[in-house]
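Reviewing the structure listed below.
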Amino acid sequence: MINLRKDRYIAGMVLSGVGDAIGYKNGKWEFCTNAESIHNELQDLGGLDGIDVKKPQWPVSDNTVMHLATAKALIRNKSNDTEDIILRLIASEYKKCMKDMSNRSPGNTCVRVLKDHGGLRIPFNTKGGGCGAAMRSMCIGLRYPDPEDIDKLIAVSIESGRLTHHHPTGYLGSLASALFTSYAVQNKPLEKWGVGLLSTLKKAKEYIEKKGICVQENIDNWGYFESKWHFYLGLRNILDGGSQPRFPPDYHQPKKRDQFYTFLSYVACGGASGHDAPMIAYDAILACNRSWKDLCYRAMLHGGDSDSTGAIAGCLYGVLYGFENVPEYNHKSIEKHTALESTAKLLFELAKGNQISDEYVNDEPENSSSLSCCAI
């Protein structure tokens with residue numbers, strides 16, 4: 001039996017918001033392509049020790065808003081129903097959270113899909129491989145942390161992902177973020193996470209085939225995500241799941257990491273895709289040696305989609321290490337702190353099998369009668 005810790009759940013949700021806010025920097029750093037420029041600006045601010053992460057300078061982005069929406073849907077589904085019922089709840093929460101996207105830079109795919117399709121099942125999308133599903137699914141791993149819950153974790157992470165990103169590269173990013181968070185709760189050795197993902201992809205493919213929705217399109221486009229992860233794990237010397245990770249000698253330099261992240265990426269923007277957002281977060285966790293500052297340098301302060309990688313990495317760090325080595329002013333006043341903390345507590349109770357109040361199950365999801373796949 002795994003040892004669930006409420007303090008680690010809280011740290012995971014809160015530091016996910018912090019990683020998002022730091023990587024976002026009110027939209028300035030998220031869209032900066034030069035890590036050296038970001039690091040220089042951070043030094044002018046006094047380094048990580050010199051910033052109080054709170055509004056108005058450090059708001060959270062769409063990542064945290066949608067992550068909270070996913071978590072709320074999981075909490076509303078306290079009876080642990082089928083994935084179709086969970087999907088209706090998640091679709092409802094995603095639609096609602098779009099009202100809180102002013103100045104948060106929501107992704108074009110999420111905005112367009114939720115507007116055009118109302119948050120229900122969508123057609124296969126050849127351009128649906130972005131990171132929008134990966135950055136909002138860590139809480140699924142908090143809700144279903146036990147290895148015995150793997151089938152539920154696979155189903156919920158995939159279906160919540162393809163509500164907006166119906167492409168394997170997109171929704172498998174959701175699976176990776178959820179799975180890695182469950183591994184963090186389990187305290188699974190870090191070097192085993194990657195091969196654990198590759199193994200889980202086999203069950204995920206079986207799920208897609210069994211579910212019967214746009215099967216051929218999904219299978220035809222399956223290989224990119226899997227091959228990229230296989231290649232990355234080989235580079236890091238952890239394809240066997242037992243060796244220690246290997247990093248280049250100059251990898252401490254922001255410019256060198258940027259080059260590597262761009263090399264891994266799909267569109268020359270590290271972290272913008274479903275495969276490399278959790279990959280960069282994982283890479284940072286592997287290398288940071290329990291140092292919050294080093295994690296931030298690697299996962300939140302790089303050229304690319306730094307708020308998405310920061311949200312994932314922040315959650316993983318919190319679940320693994322709590323608030324260890326995290327300056328209080330980096331997290332005590334984060335926007336939506338109350339929601340993040342209370343949500344973490346409820347997810348913790350549900351993961352333990354405890355009952356919670358009806359407060360979070362007091363309304364029905366919109367359009368709950370229709371979850372049919374749109375015509376291709």
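Order determines the names: the first chain of the structure tokens is A, the second B, and so forth; residues in each chain are numbered 1 upward, and ligands are numbered 1 upward as they are shown.
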
Using only C-alpha atoms, what does the table of range 212-279 of chain A residues within 12 Å of range 21-31 of chain A look like, with each row giving the shortest atom pair and its distance in Å to one decimal, sorted by chain and ascending number, as a Markdown table?
```
| residue | atom | partner | partner_atom | distance |
| --- | --- | --- | --- | --- |
| A:Cys269 | CA | A:Phe31 | CA | 9.4 |
| A:Gly270 | CA | A:Glu30 | CA | 10.7 |
| A:Gly271 | CA | A:Glu30 | CA | 10.3 |
| A:Ala272 | CA | A:Glu30 | CA | 10.3 |
```

Please produce a file of the residues just selected, as a PDB file, in the first residue's frame, where the atoms kept are C-alpha atoms.
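As a result, selection25.pdb now contains:
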```pdb
ATOM      1  CA  CYS A 269       9.663  25.569 -29.179  1.00  0.00           C
ATOM      2  CA  GLY A 270      10.656  23.421 -26.229  1.00  0.00           C
ATOM      3  CA  GLY A 271       7.667  22.225 -24.225  1.00  0.00           C
ATOM      4  CA  ALA A 272       4.986  23.283 -26.705  1.00  0.00           C
TER       5      ALA A 272
END
```

Could you produce a table of the residues of range 44-149 of chain A lying within 12 Å of range 288-300 of chain A, with the nearest pair of atoms per residue and their separation in Å rounded to one decimal, using only C-alpha atoms, ordered by chain and increasing residue number, as a tab-separated table?
```
residue	atom	partner	partner_atom	distance
A:Gly47	CA	A:Lys293	CA	9.4
A:Leu48	CA	A:Lys293	CA	7.1
A:Asp49	CA	A:Lys293	CA	9.1
```

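Among the candidate residues A:Asn34, A:Thr343, A:Thr200, A:Asn125, the one lying nearest to Leu301 in chain A is A:Asn34, with distances computed using only C-alpha atoms.
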
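Across A:Leu346, A:Ala339, A:Cys214, A:Ala287, the tightest approach to Lys6 in chain A is made by A:Leu346 when counting only C-alpha atoms.
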
Open item on the list: Report as a PyMOL selection string all protein, DNA and RNA residues lying within 8 Å of range 224-241 of chain A, evaluated on only C-alpha atoms, omitting residues in the same chain fewer than 6 positions from it.
Closed with: chain A and resi 168-169+172+191-195+198+201+247+264+275+279
